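**Student:** Please find target-v3.cif (mmCIF, C-alpha atoms and all ligand atoms; chains and numbers go by the auth columns) on the next line:
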data_run
#
loop_
_atom_site.group_PDB
_atom_site.id
_atom_site.type_symbol
_atom_site.label_atom_id
_atom_site.label_comp_id
_atom_site.label_asym_id
_atom_site.label_seq_id
_atom_site.Cartn_x
_atom_site.Cartn_y
_atom_site.Cartn_z
_atom_site.B_iso_or_equiv
_atom_site.auth_seq_id
_atom_site.auth_asym_id
ATOM 1 C CA MET A 1 57.691 -59.658 28.550 0.00 1262 A
ATOM 2 C CA LYS A 2 58.077 -61.204 25.139 0.00 1263 A
ATOM 3 C CA GLN A 3 54.782 -59.662 24.053 0.00 1264 A
ATOM 4 C CA GLN A 4 55.979 -56.280 25.206 0.00 1265 A
ATOM 5 C CA ARG A 5 59.241 -56.561 23.329 0.00 1266 A
ATOM 6 C CA ASN A 6 57.378 -57.619 20.201 0.00 1267 A
ATOM 7 C CA SER A 7 55.106 -54.603 20.195 0.00 1268 A
ATOM 8 C CA ARG A 8 57.970 -52.254 21.045 0.00 1269 A
ATOM 9 C CA GLN A 9 59.985 -53.559 18.094 0.00 1270 A
ATOM 10 C CA ARG A 10 56.944 -53.289 15.821 0.00 1271 A
ATOM 11 C CA GLN A 11 56.506 -49.656 16.880 0.00 1272 A
ATOM 12 C CA LEU A 12 60.166 -49.010 16.130 0.00 1273 A
ATOM 13 C CA VAL A 13 59.869 -50.523 12.648 0.00 1274 A
ATOM 14 C CA LEU A 14 56.710 -48.502 11.998 0.00 1275 A
ATOM 15 C CA ALA A 15 58.316 -45.274 13.244 0.00 1276 A
ATOM 16 C CA THR A 16 61.360 -45.892 11.053 0.00 1277 A
ATOM 17 C CA VAL A 17 59.204 -46.299 7.926 0.00 1278 A
ATOM 18 C CA LYS A 18 57.185 -43.196 8.823 0.00 1279 A
ATOM 19 C CA GLU A 19 60.344 -41.092 9.075 0.00 1280 A
ATOM 20 C CA HIS A 20 60.937 -41.668 5.377 0.00 1281 A
ATOM 21 C CA THR A 21 59.405 -40.335 2.213 0.00 1282 A
ATOM 22 C CA ASP A 22 62.018 -42.021 0.030 0.00 1283 A
ATOM 23 C CA HIS A 23 60.652 -45.585 0.112 0.00 1284 A
ATOM 24 C CA PRO A 24 63.434 -47.426 1.942 0.00 1285 A
ATOM 25 C CA THR A 25 64.150 -51.104 1.358 0.00 1286 A
ATOM 26 C CA ALA A 26 63.716 -53.644 4.157 0.00 1287 A
ATOM 27 C CA ASP A 27 67.481 -53.689 4.585 0.00 1288 A
ATOM 28 C CA GLU A 28 67.719 -49.928 4.956 0.00 1289 A
ATOM 29 C CA ILE A 29 64.957 -50.040 7.567 0.00 1290 A
ATOM 30 C CA TYR A 30 66.781 -52.829 9.369 0.00 1291 A
ATOM 31 C CA LEU A 31 70.068 -50.888 9.490 0.00 1292 A
ATOM 32 C CA GLU A 32 68.293 -47.807 10.780 0.00 1293 A
ATOM 33 C CA ALA A 33 66.236 -49.680 13.380 0.00 1294 A
ATOM 34 C CA ARG A 34 69.486 -51.232 14.623 0.00 1295 A
ATOM 35 C CA MET A 35 70.685 -47.764 15.611 0.00 1296 A
ATOM 36 C CA SER A 36 67.833 -47.506 18.132 0.00 1297 A
ATOM 37 C CA ASP A 37 67.762 -51.163 19.178 0.00 1298 A
ATOM 38 C CA ASP A 38 70.946 -53.144 18.621 0.00 1299 A
ATOM 39 C CA LYS A 39 69.175 -56.370 19.603 0.00 1300 A
ATOM 40 C CA ILE A 40 66.647 -56.242 16.803 0.00 1301 A
ATOM 41 C CA SER A 41 67.301 -58.917 14.166 0.00 1302 A
ATOM 42 C CA ARG A 42 66.896 -58.728 10.431 0.00 1303 A
ATOM 43 C CA GLY A 43 64.212 -61.457 10.653 0.00 1304 A
ATOM 44 C CA THR A 44 62.219 -59.444 13.186 0.00 1305 A
ATOM 45 C CA VAL A 45 62.342 -56.345 11.001 0.00 1306 A
ATOM 46 C CA TYR A 46 61.260 -58.263 7.892 0.00 1307 A
ATOM 47 C CA ARG A 47 58.464 -60.026 9.772 0.00 1308 A
ATOM 48 C CA ASN A 48 57.170 -56.768 11.208 0.00 1309 A
ATOM 49 C CA LEU A 49 57.287 -55.055 7.821 0.00 1310 A
ATOM 50 C CA ASN A 50 55.110 -57.821 6.387 0.00 1311 A
ATOM 51 C CA LEU A 51 52.744 -57.625 9.308 0.00 1312 A
ATOM 52 C CA LEU A 52 52.429 -53.845 9.150 0.00 1313 A
ATOM 53 C CA ALA A 53 51.775 -54.060 5.405 0.00 1314 A
ATOM 54 C CA GLN A 54 49.096 -56.698 5.983 0.00 1315 A
ATOM 55 C CA THR A 55 47.347 -54.641 8.641 0.00 1316 A
ATOM 56 C CA GLY A 56 47.467 -51.606 6.359 0.00 1317 A
ATOM 57 C CA GLU A 57 49.711 -49.426 8.482 0.00 1318 A
ATOM 58 C CA ILE A 58 52.326 -49.155 5.771 0.00 1319 A
ATOM 59 C CA ARG A 59 52.308 -49.982 2.095 0.00 1320 A
ATOM 60 C CA GLU A 60 54.624 -52.344 0.273 0.00 1321 A
ATOM 61 C CA VAL A 61 56.034 -50.996 -2.984 0.00 1322 A
ATOM 62 C CA ARG A 62 57.393 -53.716 -5.227 0.00 1323 A
ATOM 63 C CA MET A 63 60.274 -52.504 -7.311 0.00 1324 A
ATOM 64 C CA PHE A 64 62.470 -54.411 -9.714 0.00 1325 A
ATOM 65 C CA ASP A 65 65.464 -54.422 -7.406 0.00 1326 A
ATOM 66 C CA ALA A 66 63.794 -54.860 -4.013 0.00 1327 A
ATOM 67 C CA ASP A 67 60.602 -54.469 -2.054 0.00 1328 A
ATOM 68 C CA ARG A 68 60.354 -51.042 -0.570 0.00 1329 A
ATOM 69 C CA TYR A 69 58.093 -49.551 2.060 0.00 1330 A
ATOM 70 C CA ASP A 70 55.941 -46.474 2.075 0.00 1331 A
ATOM 71 C CA SER A 71 54.124 -44.744 4.909 0.00 1332 A
ATOM 72 C CA ARG A 72 51.831 -42.971 2.460 0.00 1333 A
ATOM 73 C CA MET A 73 48.625 -44.981 2.238 0.00 1334 A
ATOM 74 C CA ASP A 74 46.631 -43.265 -0.497 0.00 1335 A
ATOM 75 C CA LEU A 75 46.956 -44.785 -3.966 0.00 1336 A
ATOM 76 C CA HIS A 76 49.740 -43.113 -5.883 0.00 1337 A
ATOM 77 C CA HIS A 77 52.341 -43.854 -8.520 0.00 1338 A
ATOM 78 C CA HIS A 78 56.105 -43.904 -8.240 0.00 1339 A
ATOM 79 C CA LEU A 79 59.021 -42.428 -10.071 0.00 1340 A
ATOM 80 C CA LEU A 80 62.244 -44.441 -10.251 0.00 1341 A
ATOM 81 C CA CYS A 81 65.617 -42.982 -11.150 0.00 1342 A
ATOM 82 C CA THR A 82 67.442 -45.484 -13.336 0.00 1343 A
ATOM 83 C CA GLY A 83 70.726 -43.755 -12.419 0.00 1344 A
ATOM 84 C CA CYS A 84 70.830 -43.802 -8.622 0.00 1345 A
ATOM 85 C CA GLY A 85 67.822 -46.028 -7.873 0.00 1346 A
ATOM 86 C CA ALA A 86 65.962 -43.341 -5.914 0.00 1347 A
ATOM 87 C CA VAL A 87 62.197 -43.879 -5.676 0.00 1348 A
ATOM 88 C CA CYS A 88 59.882 -40.932 -5.094 0.00 1349 A
ATOM 89 C CA ASP A 89 56.161 -40.330 -5.328 0.00 1350 A
ATOM 90 C CA ALA A 90 55.066 -39.306 -8.816 0.00 1351 A
ATOM 91 C CA PRO A 91 53.043 -36.090 -8.540 0.00 1352 A
ATOM 92 C CA VAL A 92 50.333 -37.189 -10.982 0.00 1353 A
ATOM 93 C CA SER A 93 46.843 -38.252 -10.029 0.00 1354 A
ATOM 94 C CA TYR A 94 45.663 -41.813 -9.677 0.00 1355 A
ATOM 95 C CA HIS A 95 42.823 -42.672 -12.049 0.00 1356 A
ATOM 96 C CA PRO A 96 40.407 -45.168 -10.489 0.00 1357 A
ATOM 97 C CA GLU A 97 38.328 -45.086 -13.684 0.00 1358 A
ATOM 98 C CA LEU A 98 41.079 -47.153 -15.327 0.00 1359 A
ATOM 99 C CA ASP A 99 40.437 -49.927 -12.804 0.00 1360 A
ATOM 100 C CA ARG A 100 36.692 -49.766 -13.515 0.00 1361 A
ATOM 101 C CA GLU A 101 37.202 -49.714 -17.268 0.00 1362 A
ATOM 102 C CA LEU A 102 39.482 -52.736 -17.142 0.00 1363 A
ATOM 103 C CA ALA A 103 37.096 -54.580 -14.829 0.00 1364 A
ATOM 104 C CA GLU A 104 34.269 -54.023 -17.309 0.00 1365 A
ATOM 105 C CA LYS A 105 36.371 -55.201 -20.240 0.00 1366 A
ATOM 106 C CA THR A 106 37.909 -58.277 -18.637 0.00 1367 A
ATOM 107 C CA GLY A 107 35.543 -59.356 -15.872 0.00 1368 A
ATOM 108 C CA TYR A 108 38.425 -59.106 -13.392 0.00 1369 A
ATOM 109 C CA ALA A 109 37.725 -57.626 -9.994 0.00 1370 A
ATOM 110 C CA VAL A 110 40.458 -55.002 -10.393 0.00 1371 A
ATOM 111 C CA GLY A 111 41.577 -53.575 -7.066 0.00 1372 A
ATOM 112 C CA LEU A 112 44.253 -51.134 -8.142 0.00 1373 A
ATOM 113 C CA HIS A 113 47.026 -50.524 -10.605 0.00 1374 A
ATOM 114 C CA ARG A 114 50.631 -49.733 -9.864 0.00 1375 A
ATOM 115 C CA THR A 115 52.596 -47.558 -12.204 0.00 1376 A
ATOM 116 C CA VAL A 116 56.314 -46.938 -12.035 0.00 1377 A
ATOM 117 C CA PHE A 117 57.704 -44.159 -14.189 0.00 1378 A
ATOM 118 C CA GLU A 118 61.375 -44.465 -15.041 0.00 1379 A
ATOM 119 C CA GLY A 119 63.897 -41.786 -15.863 0.00 1380 A
ATOM 120 C CA LEU A 120 66.965 -39.901 -14.709 0.00 1381 A
ATOM 121 C CA CYS A 121 66.515 -37.615 -11.724 0.00 1382 A
ATOM 122 C CA PRO A 122 67.774 -34.007 -12.027 0.00 1383 A
ATOM 123 C CA ALA A 123 70.894 -34.797 -9.944 0.00 1384 A
ATOM 124 C CA CYS A 124 71.823 -37.764 -12.177 0.00 1385 A
ATOM 125 C CA GLN A 125 71.235 -35.687 -15.312 0.00 1386 A
ATOM 126 C CA LYS A 126 73.633 -33.072 -13.973 0.00 1387 A
ATOM 127 C CA LYS A 127 76.214 -35.737 -13.175 0.00 1388 A
ATOM 128 C CA LYS A 128 75.883 -37.126 -16.666 0.00 1389 A
ATOM 129 C CA THR A 129 76.342 -33.696 -18.270 0.00 1390 A
ATOM 130 C CA ALA A 130 79.362 -32.996 -16.031 0.00 1391 A
ATOM 131 C CA ALA A 131 80.923 -36.361 -16.956 0.00 1392 A
ATOM 132 C CA GLY A 132 80.351 -35.661 -20.643 0.00 1393 A
ATOM 133 C CA LYS A 133 82.366 -32.453 -20.448 0.00 1394 A
ATOM 134 C CA GLU A 134 85.483 -34.090 -19.052 0.00 1395 A
HETATM 135 ZN ZN ZN B . 69.204 -40.328 -9.780 0.00 1401 A
HETATM 136 ZN ZN ZN B . 55.072 -43.644 -2.375 0.00 1402 A
#
Go ahead and express the file in the form of structure tokens.
**Tutor:**
Amino acid sequence: MKQQRNSRQRQLVLATVKEHTDHPTADEIYLEARMSDDKISRGTVYRNLNLLAQTGEIREVRMFDADRYDSRMDLHHHLLCTGCGAVCDAPVSYHPELDRELAEKTGYAVGLHRTVFEGLCPACQKKKTAAGKE
């Protein structure tokens, strides 16, 4: 029984992450999972997120404010809005040759690089312009 509940809760956590393209935090996933299963605990959600990231079913995205989760598994960069904190995928290509170049220069076995671009999203820019006019 316990085993069954465990895998059902893991599936729920996984499904919740997969519903998103906006890189939710563990807390946001917890609050959403609670709507489908009010018995699920924060600890269970966090543990399952770690597990799913370890088994490669989801990807962990470390941000400055919190760890976020991504269902997109290919290597890609992120774009952070410094106004509202939104995180989206940056539509620029990933350059694996940078990893190779760095490996050659340093002797490190470089696996990947993570880049976070920062700026104001269009909505926050609009808000800022509107506030400036008042
Ligand atoms: Zn914004
Ligand atoms: Zn992403």
**Student:** So which residues are near ligand ZN 1401 (chain A), meaning at most 6 Å away with all atoms listed in the file counted, given back as a ChimeraX atom specification?
**Tutor:** /A:1342,1344-1345,1347,1381-1382,1384-1385
**Student:** Identify the residues around (50.5, -37.5, -14.2) within a radius of 12 Å, measuring from only C-alpha atoms in the coordinates stated by the file, and give them as a list in words.
**Tutor:**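 Residues with an atom close enough to that point: His1337, His1338, His1339, Leu1340, Asp1350, Ala1351, Pro1352, Val1353, Ser1354, Tyr1355, His1356, Thr1376, Val1377 and Phe1378 of chain A.
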**Student:** Just checking: using only C-alpha atoms and all ligand atoms, which residue out of A:Thr1367, A:Ser1332, A:Ser1302, A:Thr1316 ends up closest to ligand ZN 1402 (chain A)?
**Tutor:**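 Answer, going by the shortest atom-to-atom distance: A:Ser1332.
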**Student:** Padding of 6 Å on every side, edges along x, y and z, all listed atoms of region 1376-1393 of chain A included: what centre and edge lengths in Å, to one decimal, does that box have, as JSON?
**Tutor:**
{"center_x": 66.8, "center_y": -40.3, "center_z": -15.3, "size_x": 40.3, "size_y": 26.6, "size_z": 22.7}
**Student:** Provide the CA of Ala1370 (chain A) to CA of Asp1335 (chain A) distance in Å, to one decimal place.
**Tutor:** 19.4 Å
**Student:** Quick one: which residues end up in the PyMOL selection byres (((chain A and resi 1274-1282) around 10) and not hetatm) for this structure, as a ChimeraX atom specification?
**Tutor:** /A:1268-1273,1283-1287,1289-1291,1293-1295,1297,1301,1305-1307,1309-1310,1313-1314,1318-1320,1329-1333,1348-1350
**Student:** Using all atoms listed in the file, can you tell me which of A:Leu1312, A:Leu1292, A:Ala1327, A:Leu1336 comes closest to ligand ZN 1402 (chain A)?
**Tutor:**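 Checking each of A:Leu1312, A:Leu1292, A:Ala1327, A:Leu1336 against ligand ZN 1402 (chain A), counting all atoms listed in the file, the winner is A:Leu1336.
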**Student:** With all atoms listed in the file as the atoms that count, which of A:Gly1317, A:Arg1303, A:Met1324, A:Leu1341 lies nearest to Pro1383 (chain A)?
**Tutor:**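 Using all atoms listed in the file, Pro1383 (chain A) sits closest to A:Leu1341.
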**Student:** Give me, please, the distance in Å between CA of Leu1359 (chain A) and CA of Asn1311 (chain A), quoted to one decimal.
**Tutor:** 28.0 Å
**Student:** Rounded to one decimal place, report the CA of Glu1358 (chain A)-CA of Val1322 (chain A) distance in Å.
**Tutor:**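 Straight-line distance from CA of Glu1358 (chain A) to CA of Val1322 (chain A) works out to 21.5 Å.
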**Student:** Would you mind telling me which residue in A:Glu1321, A:Asp1288, A:Glu1379, A:Glu1362 lies nearest to ligand ZN 1402 (chain A) when using all atoms listed in the file?
**Tutor:**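 The closest residue to ligand ZN 1402 (chain A) is A:Glu1321.
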**Student:** Determine the residue set returned by the PyMOL selection byres (((chain A and resi 1371) around 10) and not hetatm) for the present structure, and present it as a PyMOL selection string.
**Tutor:** chain A and resi 1357+1359-1365+1367-1370+1372-1374
